[in-house]
>>> print(open('target_14.pdb').read())   # PDB, C-alpha atoms and all ligand atoms
ATOM      1  CA  MET A 612       0.000   0.000   0.000
ATOM      2  CA  SER A 613       1.394   3.399  -0.945
ATOM      3  CA  HIS A 614       2.017   5.805   1.873
ATOM      4  CA  ILE A 615      -0.396   8.578   0.871
ATOM      5  CA  HIS A 616      -3.943   7.385   1.405
ATOM      6  CA  ILE A 617      -7.049   7.872   3.543
ATOM      7  CA  ASP A 618      -9.199   5.027   4.854
ATOM      8  CA  ILE A 619     -12.776   5.763   5.859
ATOM      9  CA  GLU A 620     -14.303   2.738   7.593
ATOM     10  CA  HIS A 621     -18.018   2.504   8.416
ATOM     11  CA  VAL A 622     -18.215   6.144   9.402
ATOM     12  CA  SER A 623     -21.444   7.611  10.717
ATOM     13  CA  PHE A 624     -21.910  11.135  11.965
ATOM     14  CA  GLY A 625     -24.726  13.466  12.983
ATOM     15  CA  TYR A 626     -24.618  16.958  14.468
ATOM     16  CA  GLU A 627     -27.737  16.121  16.433
ATOM     17  CA  THR A 628     -28.392  12.793  18.106
ATOM     18  CA  ASN A 629     -30.783  10.519  16.221
ATOM     19  CA  GLN A 630     -30.155  12.351  12.975
ATOM     20  CA  ASN A 631     -27.207  11.120  10.969
ATOM     21  CA  VAL A 632     -25.824  13.305   8.190
ATOM     22  CA  LEU A 633     -23.546  10.447   7.106
ATOM     23  CA  ASN A 634     -24.451   6.825   7.580
ATOM     24  CA  ASP A 635     -21.959   3.975   7.427
ATOM     25  CA  ILE A 636     -19.635   5.450   4.793
ATOM     26  CA  THR A 637     -16.692   3.314   3.688
ATOM     27  CA  PHE A 638     -14.104   4.085   1.021
ATOM     28  CA  THR A 639     -10.356   4.414   0.505
ATOM     29  CA  ALA A 640      -8.801   7.432  -1.175
ATOM     30  CA  HIS A 641      -5.568   6.326  -2.828
ATOM     31  CA  GLU A 642      -2.383   8.090  -3.855
ATOM     32  CA  ASN A 643      -2.700   9.897  -7.206
ATOM     33  CA  GLU A 644      -6.464  10.019  -6.926
ATOM     34  CA  SER A 645      -8.313  13.241  -7.404
ATOM     35  CA  ILE A 646     -11.785  12.751  -6.020
ATOM     36  CA  GLY A 647     -14.726  15.043  -6.687
ATOM     37  CA  ILE A 648     -17.294  14.937  -3.883
ATOM     38  CA  ILE A 649     -20.663  15.928  -5.286
ATOM     39  CA  GLY A 650     -24.269  16.013  -4.075
ATOM     40  CA  ALA A 651     -27.161  18.370  -3.391
ATOM     41  CA  ASN A 652     -27.048  21.114  -0.744
ATOM     42  CA  GLY A 653     -26.951  19.775   2.783
ATOM     43  CA  MET A 654     -26.067  16.193   1.820
ATOM     44  CA  GLY A 655     -22.858  16.163   3.871
ATOM     45  CA  LYS A 656     -19.966  17.007   1.523
ATOM     46  CA  SER A 657     -18.449  19.594   3.851
ATOM     47  CA  THR A 658     -19.153  17.360   6.835
ATOM     48  CA  LEU A 659     -17.186  14.547   5.199
ATOM     49  CA  LEU A 660     -14.165  16.817   4.641
ATOM     50  CA  LYS A 661     -14.370  18.079   8.249
ATOM     51  CA  LEU A 662     -14.308  14.498   9.503
ATOM     52  CA  LEU A 663     -11.136  13.785   7.513
ATOM     53  CA  VAL A 664      -9.197  16.465   9.421
ATOM     54  CA  GLY A 665     -10.934  15.821  12.737
ATOM     55  CA  LEU A 666     -12.897  19.081  12.911
ATOM     56  CA  GLU A 667     -15.746  16.728  13.753
ATOM     57  CA  LEU A 668     -15.254  13.180  15.043
ATOM     58  CA  PRO A 669     -17.338  10.210  13.840
ATOM     59  CA  THR A 670     -20.034   8.865  16.121
ATOM     60  CA  LYS A 671     -19.291   5.426  14.668
ATOM     61  CA  GLY A 672     -16.470   4.027  12.568
ATOM     62  CA  SER A 673     -12.870   5.098  12.011
ATOM     63  CA  ILE A 674     -10.777   7.265   9.732
ATOM     64  CA  TYR A 675      -7.051   6.829   9.074
ATOM     65  CA  VAL A 676      -4.862   9.350   7.289
ATOM     66  CA  GLU A 677      -1.705   7.585   6.133
ATOM     67  CA  GLU A 678      -2.356   4.987   8.868
ATOM     68  CA  ILE A 679      -2.693   7.670  11.556
ATOM     69  CA  PRO A 680      -6.059   7.389  13.338
ATOM     70  CA  VAL A 681      -8.035  10.638  13.239
ATOM     71  CA  ILE A 682      -8.610  10.921  16.970
ATOM     72  CA  ARG A 683      -8.142  13.922  19.242
ATOM     73  CA  GLU A 684      -4.601  13.059  20.386
ATOM     74  CA  MET A 685      -3.378  12.608  16.818
ATOM     75  CA  LEU A 686      -4.853  15.731  15.229
ATOM     76  CA  PRO A 687      -1.614  17.744  15.029
ATOM     77  CA  LYS A 688       0.028  14.846  13.153
ATOM     78  CA  VAL A 689      -2.974  14.394  10.848
ATOM     79  CA  ARG A 690      -3.126  18.110  10.034
ATOM     80  CA  GLU A 691       0.546  18.198   9.032
ATOM     81  CA  LYS A 692      -0.387  15.932   6.138
ATOM     82  CA  ILE A 693      -3.438  17.818   4.943
ATOM     83  CA  GLY A 694      -3.972  21.214   3.355
ATOM     84  CA  TYR A 695      -7.605  22.183   3.720
ATOM     85  CA  VAL A 696      -9.432  25.060   2.045
ATOM     86  CA  PHE A 697     -12.706  25.657   3.909
ATOM     87  CA  GLN A 698     -15.998  26.402   2.148
ATOM     88  CA  ASP A 699     -15.950  29.623   4.156
ATOM     89  CA  SER A 700     -12.314  30.634   3.575
ATOM     90  CA  GLU A 701     -12.778  33.674   5.806
ATOM     91  CA  SER A 702     -12.736  31.473   8.883
ATOM     92  CA  GLN A 703      -9.328  30.018   8.064
ATOM     93  CA  LEU A 704      -7.316  33.237   7.696
ATOM     94  CA  PHE A 705      -6.163  34.671  11.001
ATOM     95  CA  MET A 706      -2.868  36.543  10.682
ATOM     96  CA  ASN A 707      -2.725  40.287  10.043
ATOM     97  CA  THR A 708      -1.427  40.324   6.517
ATOM     98  CA  VAL A 709      -1.586  38.052   3.511
ATOM     99  CA  LYS A 710       2.136  37.239   3.550
ATOM    100  CA  GLU A 711       2.095  36.471   7.295
ATOM    101  CA  ASP A 712      -0.816  34.130   6.829
ATOM    102  CA  ILE A 713       0.870  32.251   4.002
ATOM    103  CA  ALA A 714       4.116  32.057   6.016
ATOM    104  CA  PHE A 715       2.374  30.655   9.098
ATOM    105  CA  ALA A 716       2.434  26.930   8.284
ATOM    106  CA  PRO A 717       5.991  26.677   6.890
ATOM    107  CA  ARG A 718       7.271  28.817   9.800
ATOM    108  CA  ASN A 719       5.407  26.584  12.219
ATOM    109  CA  TYR A 720       7.261  23.556  10.842
ATOM    110  CA  GLY A 721      10.460  25.290  11.827
ATOM    111  CA  LEU A 722      11.805  25.829   8.306
ATOM    112  CA  PRO A 723      14.642  28.351   8.072
ATOM    113  CA  GLU A 724      13.292  31.844   7.316
ATOM    114  CA  GLU A 725      14.894  31.864   3.866
ATOM    115  CA  GLU A 726      12.976  28.739   2.905
ATOM    116  CA  VAL A 727       9.794  30.094   4.446
ATOM    117  CA  GLN A 728      10.090  33.183   2.231
ATOM    118  CA  ALA A 729      10.736  31.024  -0.833
ATOM    119  CA  HIS A 730       7.574  28.994  -0.134
ATOM    120  CA  VAL A 731       5.551  32.178   0.401
ATOM    121  CA  GLN A 732       6.855  33.768  -2.794
ATOM    122  CA  ARG A 733       6.157  30.664  -4.868
ATOM    123  CA  ALA A 734       2.645  30.205  -3.441
ATOM    124  CA  MET A 735       1.788  33.862  -4.166
ATOM    125  CA  GLU A 736       3.133  33.608  -7.695
ATOM    126  CA  ARG A 737       1.158  30.454  -8.431
ATOM    127  CA  THR A 738      -2.096  31.996  -7.204
ATOM    128  CA  HIS A 739      -1.382  35.424  -8.799
ATOM    129  CA  ILE A 740      -1.674  37.367  -5.552
ATOM    130  CA  GLN A 741       1.765  39.037  -5.197
ATOM    131  CA  HIS A 742       0.065  42.449  -5.298
ATOM    132  CA  LEU A 743      -1.874  41.554  -2.119
ATOM    133  CA  LYS A 744       1.105  40.535   0.004
ATOM    134  CA  ASP A 745       1.026  43.416   2.502
ATOM    135  CA  LYS A 746      -2.733  43.779   2.548
ATOM    136  CA  SER A 747      -4.763  43.197   5.686
ATOM    137  CA  ILE A 748      -6.773  39.976   5.645
ATOM    138  CA  TYR A 749      -9.822  42.004   6.684
ATOM    139  CA  LYS A 750      -9.628  44.198   3.599
ATOM    140  CA  LEU A 751      -9.754  41.473   0.968
ATOM    141  CA  SER A 752     -12.639  40.776  -1.389
ATOM    142  CA  GLY A 753     -14.397  37.398  -1.269
ATOM    143  CA  GLY A 754     -12.497  35.956  -4.234
ATOM    144  CA  GLU A 755      -9.192  37.364  -2.935
ATOM    145  CA  LYS A 756      -9.760  35.562   0.368
ATOM    146  CA  LYS A 757     -10.291  32.331  -1.513
ATOM    147  CA  GLN A 758      -7.044  32.901  -3.456
ATOM    148  CA  VAL A 759      -5.126  33.567  -0.239
ATOM    149  CA  ALA A 760      -6.606  30.462   1.404
ATOM    150  CA  ILE A 761      -5.417  28.403  -1.581
ATOM    151  CA  ALA A 762      -1.949  29.992  -1.347
ATOM    152  CA  THR A 763      -1.694  29.138   2.376
ATOM    153  CA  ILE A 764      -2.130  25.452   1.676
ATOM    154  CA  LEU A 765       0.253  25.451  -1.309
ATOM    155  CA  ALA A 766       2.928  26.968   0.951
ATOM    156  CA  MET A 767       2.626  24.079   3.399
ATOM    157  CA  THR A 768       3.371  21.534   0.621
ATOM    158  CA  PRO A 769       0.940  18.938   1.998
ATOM    159  CA  ASP A 770       0.604  15.279   0.993
ATOM    160  CA  ILE A 771      -3.147  15.674   0.700
ATOM    161  CA  ILE A 772      -5.338  18.586  -0.368
ATOM    162  CA  LEU A 773      -8.985  18.991   0.632
ATOM    163  CA  MET A 774     -10.898  21.815  -0.994
ATOM    164  CA  ASP A 775     -14.470  22.771  -0.270
ATOM    165  CA  GLU A 776     -16.121  24.739  -3.090
ATOM    166  CA  PRO A 777     -12.786  26.216  -4.216
ATOM    167  CA  THR A 778     -14.107  27.934  -7.350
ATOM    168  CA  VAL A 779     -16.868  29.906  -5.627
ATOM    169  CA  GLY A 780     -16.097  33.611  -5.951
ATOM    170  CA  LEU A 781     -13.255  33.199  -8.443
ATOM    171  CA  ASP A 782     -13.345  35.109 -11.726
ATOM    172  CA  PRO A 783     -13.025  32.959 -14.884
ATOM    173  CA  GLN A 784      -9.255  33.483 -15.200
ATOM    174  CA  ASN A 785      -8.570  32.670 -11.565
ATOM    175  CA  ARG A 786     -10.885  29.664 -11.833
ATOM    176  CA  ARG A 787      -8.896  28.447 -14.850
ATOM    177  CA  ASN A 788      -5.648  29.040 -12.940
ATOM    178  CA  LEU A 789      -6.981  27.021  -9.992
ATOM    179  CA  ILE A 790      -7.759  24.120 -12.319
ATOM    180  CA  LYS A 791      -4.131  24.278 -13.488
ATOM    181  CA  ILE A 792      -2.851  24.330  -9.887
ATOM    182  CA  LEU A 793      -5.043  21.358  -8.990
ATOM    183  CA  ASN A 794      -3.844  19.412 -12.004
ATOM    184  CA  GLU A 795      -0.225  20.082 -11.055
ATOM    185  CA  PHE A 796      -0.846  18.555  -7.616
ATOM    186  CA  ASN A 797      -0.906  14.811  -8.058
ATOM    187  CA  HIS A 798      -0.559  13.213  -4.622
ATOM    188  CA  LEU A 799      -4.137  12.972  -3.366
ATOM    189  CA  LYS A 800      -6.939  15.472  -3.389
ATOM    190  CA  LEU A 801     -10.614  15.581  -2.503
ATOM    191  CA  ILE A 802     -12.679  18.447  -3.863
ATOM    192  CA  ALA A 803     -16.269  19.086  -2.775
ATOM    193  CA  SER A 804     -18.020  21.160  -5.405
ATOM    194  CA  HIS A 805     -21.125  22.030  -7.364
ATOM    195  CA  ASP A 806     -18.874  23.178 -10.227
ATOM    196  CA  LEU A 807     -19.134  19.917 -12.133
ATOM    197  CA  ASP A 808     -17.192  21.281 -15.102
ATOM    198  CA  MET A 809     -14.235  21.947 -12.776
ATOM    199  CA  VAL A 810     -14.673  18.477 -11.251
ATOM    200  CA  TYR A 811     -14.614  17.007 -14.758
ATOM    201  CA  ASP A 812     -11.411  18.933 -15.543
ATOM    202  CA  THR A 813      -9.547  17.990 -12.357
ATOM    203  CA  CYS A 814     -10.806  14.659 -11.023
ATOM    204  CA  ASN A 815     -10.281  11.021 -11.952
ATOM    205  CA  ARG A 816     -12.924   9.736  -9.514
ATOM    206  CA  VAL A 817     -16.305  11.083  -8.440
ATOM    207  CA  ILE A 818     -18.232  10.196  -5.287
ATOM    208  CA  LEU A 819     -21.887  11.218  -5.158
ATOM    209  CA  ILE A 820     -23.354  11.610  -1.681
ATOM    210  CA  ALA A 821     -27.086  11.338  -1.076
ATOM    211  CA  ASP A 822     -29.128  10.598   2.030
ATOM    212  CA  GLY A 823     -26.068   9.917   4.126
ATOM    213  CA  GLN A 824     -24.602   7.351   1.778
ATOM    214  CA  ILE A 825     -22.408   6.963  -1.279
ATOM    215  CA  ALA A 826     -24.973   6.894  -4.081
ATOM    216  CA  ALA A 827     -22.350   6.490  -6.832
ATOM    217  CA  ASP A 828     -18.576   6.113  -7.033
ATOM    218  CA  GLY A 829     -16.814   5.952 -10.373
ATOM    219  CA  ILE A 830     -14.974   7.718 -13.139
ATOM    220  CA  PRO A 831     -16.106  11.244 -14.130
ATOM    221  CA  GLN A 832     -16.766  10.099 -17.710
ATOM    222  CA  LYS A 833     -19.461   7.805 -16.353
ATOM    223  CA  ILE A 834     -20.995   9.701 -13.431
ATOM    224  CA  LEU A 835     -20.855  13.219 -14.849
ATOM    225  CA  THR A 836     -22.511  12.148 -18.102
ATOM    226  CA  ASP A 837     -25.369  10.304 -16.379
ATOM    227  CA  LYS A 838     -28.175  12.856 -16.737
ATOM    228  CA  GLU A 839     -30.739  10.751 -14.938
ATOM    229  CA  LEU A 840     -28.493  10.011 -11.954
ATOM    230  CA  LEU A 841     -27.511  13.676 -11.620
ATOM    231  CA  GLU A 842     -31.044  15.005 -11.992
ATOM    232  CA  CYS A 843     -32.554  12.690  -9.419
ATOM    233  CA  ASN A 844     -29.883  14.091  -7.063
ATOM    234  CA  HIS A 845     -30.785  17.760  -7.770
ATOM    235  CA  LEU A 846     -27.719  18.202  -9.980
ATOM    236  CA  GLU A 847     -27.309  18.882 -13.699
ATOM    237  CA  LEU A 848     -24.936  17.746 -16.418
ATOM    238  CA  PRO A 849     -21.720  19.784 -16.673
ATOM    239  CA  LEU A 850     -22.256  22.632 -19.162
ATOM    240  CA  ARG A 851     -20.059  20.933 -21.757
ATOM    241  CA  PHE A 852     -22.510  18.001 -21.934
ATOM    242  CA  GLN A 853     -25.657  20.104 -22.065
ATOM    243  CA  ALA A 854     -27.339  20.258 -25.453
TER     244      ALA A 854
HETATM  245  N1  LIG B 901     -22.611  22.917  12.794
HETATM  246  C1  LIG B 901     -23.734  22.293  12.450
HETATM  247  N2  LIG B 901     -24.699  22.016  13.364
HETATM  248  C2  LIG B 901     -25.836  21.373  13.029
HETATM  249  N3  LIG B 901     -26.096  20.961  11.787
HETATM  250  C3  LIG B 901     -25.192  21.189  10.826
HETATM  251  C4  LIG B 901     -23.967  21.878  11.106
HETATM  252  N4  LIG B 901     -23.252  21.961   9.955
HETATM  253  C5  LIG B 901     -24.003  21.365   9.018
HETATM  254  N5  LIG B 901     -25.163  20.904   9.522
HETATM  255  C6  LIG B 901     -26.203  20.147   8.789
HETATM  256  O1  LIG B 901     -25.611  18.961   8.278
HETATM  257  C7  LIG B 901     -26.066  18.669   6.963
HETATM  258  C8  LIG B 901     -24.888  18.529   6.025
HETATM  259  O2  LIG B 901     -24.242  19.789   5.924
HETATM  260  P1  LIG B 901     -22.966  20.002   4.997
HETATM  261  O3  LIG B 901     -22.472  21.380   5.250
HETATM  262  O4  LIG B 901     -22.032  18.890   5.187
HETATM  263  O5  LIG B 901     -23.626  19.875   3.547
HETATM  264  P2  LIG B 901     -22.991  20.109   2.119
HETATM  265  O6  LIG B 901     -23.244  18.862   1.322
HETATM  266  O7  LIG B 901     -21.600  20.559   2.246
HETATM  267  O8  LIG B 901     -23.938  21.271   1.542
HETATM  268  P3  LIG B 901     -23.586  22.518   0.562
HETATM  269  O9  LIG B 901     -23.691  21.978  -0.832
HETATM  270  O10 LIG B 901     -24.680  23.479   0.836
HETATM  271  O11 LIG B 901     -22.241  23.039   0.904
HETATM  272  C9  LIG B 901     -27.048  19.776   6.606
HETATM  273  O12 LIG B 901     -28.354  19.302   6.846
HETATM  274  C10 LIG B 901     -26.708  20.892   7.568
HETATM  275  O13 LIG B 901     -27.854  21.653   7.880
HETATM  276 MG    MG B 902     -20.639  22.291   1.792
END
>>> encode(input="target_14.pdb", output="structure tokens")
Amino acid sequence: MSHIHIDIEHVSFGYETNQNVLNDITFTAHENESIGIIGANGMGKSTLLKLLVGLELPTKGSIYVEEIPVIREMLPKVREKIGYVFQDSESQLFMNTVKEDIAFAPRNYGLPEEEVQAHVQRAMERTHIQHLKDKSIYKLSGGEKKQVAIATILAMTPDIILMDEPTVGLDPQNRRNLIKILNEFNHLKLIASHDLDMVYDTCNRVILIADGQIAADGIPQKILTDKELLECNHLELPLRFQA
């Protein structure tokens, strides 16, 4: 078994007792996979990603990130492996300026300052945000915040990337650039999104979540062209397949 992988074993979770959002979910995410997590509003896509980094803990079942159990005591170790862009990227930025925020993770690993700066520079270049480097986090636009959040996880050079609705708020050129960034990252990534065209362009596996379970799991060419399956799950064909 390769070293980069996530095992999700019979995981159930509910925010309120007696009401499970996810019900007995089992799958393995392997190295080199790029998995699109799709499904209607409120079906549990974000919840699934939160469980993978231990922001919520399963009520039943287990999750392992590279063999490390996702339990309270192990969370610092788990989070070293994973770069996570929240659906609400606002809540993940906390330093004063853009460059400080991007430097936080590499500095925290104890990299020499020269290397930290190199990581920061490279991450800003890749996301086209050099012009924002000294700007206050609180003075960014919605799309700029998303760009900065993406840069922060690139700077930490993680094994695994989780992104929750990463294209929301991005203009078409920044969206295109994000697709390029995602395609350049080939360890393991899970992307929750309603942007099925982006999922088609970046993923080699799609998992459809409905009613707490995996309703479909397969290649994008199969799932994202299945009009009936998508429509009965409140979704629509990617634009490129619409007549
Ligand atoms: N903190 C919370 N407390 C209670 N219920 C919550 C909480 N967060 C989410 N939920 C509920 O859990 C369910 C799954 O939410 P989740 O955010 O995972 O859905 P999602 O598939 O990501 O939806 P969207 O497409 O809108 O982002 C929803 O019914 C939601 O109302
Ligand atoms: Mg969500």
>>> residues_around(input="target_14.pdb", residues="A:Gln728", least_positions_apart="6", cutoff="12 Å", atoms="only C-alpha atoms", output="ChimeraX atom specification")
/A:710-718,722,734-735,744,766-767
>>> residues_near_ligand(input="target_14.pdb", ligand="ligand MG 902 (chain B)", cutoff="8 Å", atoms="all atoms listed in the file", output="list of chain:residue names")
A:Asn652, A:Gly653, A:Gly655, A:Lys656, A:Ser657, A:Thr658, A:Gln698, A:Asp775, A:Glu776, A:Ala803, A:Ser804
>>> resolve_selection(input="target_14.pdb", expression="the PyMOL selection byres (((chain A and resi 637-642) around 6) and not hetatm)", output="list in words")
Ile615, His616, Ile617, Asp618, Ile619, Glu620, His621, Ile636, Asn643, Glu644, His798 and Leu799 of chain A
>>> atom_distance(input="target_14.pdb", atom1="atom C8 of ligand LIG 901 (chain B)", atom2="atom CA of A:Met774")
16.0 Å
>>> residues_around(input="target_14.pdb", residues="A:Ser702", least_positions_apart="3", cutoff="12 Å", atoms="all atoms listed in the file", output="compact mmCIF listing (two decimals) with C-alpha atoms, in the coordinates of the input")
# COMPACT_ATOMS: atom_id res chain seq x y z
CA TYR A 695 -7.60 22.18 3.72
CA VAL A 696 -9.43 25.06 2.04
CA PHE A 697 -12.71 25.66 3.91
CA GLN A 698 -16.00 26.40 2.15
CA ASP A 699 -15.95 29.62 4.16
CA PHE A 705 -6.16 34.67 11.00
CA MET A 706 -2.87 36.54 10.68
CA ILE A 748 -6.77 39.98 5.64
CA TYR A 749 -9.82 42.00 6.68
CA GLY A 753 -14.40 37.40 -1.27
CA LYS A 756 -9.76 35.56 0.37
CA LYS A 757 -10.29 32.33 -1.51
CA ALA A 760 -6.61 30.46 1.40
>>> atom_distance(input="target_14.pdb", atom1="atom CA of A:His805", atom2="atom CA of A:Leu848")
10.7 Å
>>> resolve_selection(input="target_14.pdb", expression="the PyMOL selection byres (((chain A and resi 646) around 7) and not hetatm)", output="list in words")
Glu644, Ser645, Gly647, Ile648, Lys800, Leu801, Ile802, Cys814, Asn815, Arg816, Val817 and Ile818 of chain A
>>> residues_around(input="target_14.pdb", residues="A:His742", least_positions_apart="3", cutoff="12 Å", atoms="only C-alpha atoms", output="MDAnalysis selection string")
chainID A and resid 709:710 732 735:736 738:739 745:746 751 755 759
>>> closest_residue(input="target_14.pdb", among="A:Met685, A:Leu659, A:Ile772, A:Leu850", to="ligand LIG 901 (chain B)", atoms="only C-alpha atoms and all ligand atoms")
A:Leu659
>>> atom_distance(input="target_14.pdb", atom1="atom CA of A:Asp828", atom2="atom CA of A:Val810")
13.6 Å
>>> closest_residue(input="target_14.pdb", among="A:Leu660, A:Leu841, A:Val676, A:Ala826", to="ligand LIG 901 (chain B)", atoms="all atoms listed in the file")
A:Leu660
>>> closest_residue(input="target_14.pdb", among="A:Leu846, A:Leu633, A:Leu765, A:Leu743", to="A:Ala729", atoms="all atoms listed in the file")
A:Leu765
>>> closest_residue(input="target_14.pdb", among="A:Ala827, A:Leu662, A:Ile693, A:Ala854", to="A:Pro769", atoms="only C-alpha atoms")
A:Ile693
>>> residues_around(input="target_14.pdb", residues="A:Asp808", least_positions_apart="4", cutoff="12 Å", atoms="all atoms listed in the file", output="VMD selection string")
chain A and resid 647 649 778 786 to 787 790 804 812 to 814 831 to 832 835 to 836 847 to 853
>>> residues_around(input="target_14.pdb", residues="A:Pro669", least_positions_apart="4", cutoff="9 Å", atoms="all atoms listed in the file", output="PDB file with C-alpha atoms, in the frame of the given file")
ATOM      1  CA  VAL A 622     -18.215   6.144   9.402  1.00  0.00           C
ATOM      2  CA  SER A 623     -21.444   7.611  10.717  1.00  0.00           C
ATOM      3  CA  PHE A 624     -21.910  11.135  11.965  1.00  0.00           C
ATOM      4  CA  GLY A 625     -24.726  13.466  12.983  1.00  0.00           C
ATOM      5  CA  LEU A 662     -14.308  14.498   9.503  1.00  0.00           C
ATOM      6  CA  GLY A 665     -10.934  15.821  12.737  1.00  0.00           C
ATOM      7  CA  SER A 673     -12.870   5.098  12.011  1.00  0.00           C
ATOM      8  CA  ILE A 674     -10.777   7.265   9.732  1.00  0.00           C
TER       9      ILE A 674
END
>>> closest_residue(input="target_14.pdb", among="A:Pro783, A:Lys661, A:Ala762, A:Asn844", to="A:Asp822", atoms="all atoms listed in the file")
A:Asn844
>>> closest_residue(input="target_14.pdb", among="A:Arg690, A:Met654, A:His614, A:Leu704", to="A:Leu773", atoms="all atoms listed in the file")
A:Arg690
>>> residues_near_point(input="target_14.pdb", point="(-23.0, 6.4, 4.2)", cutoff="6 Å", atoms="all atoms listed in the file", output="ChimeraX atom specification")
/A:633-636,823-825
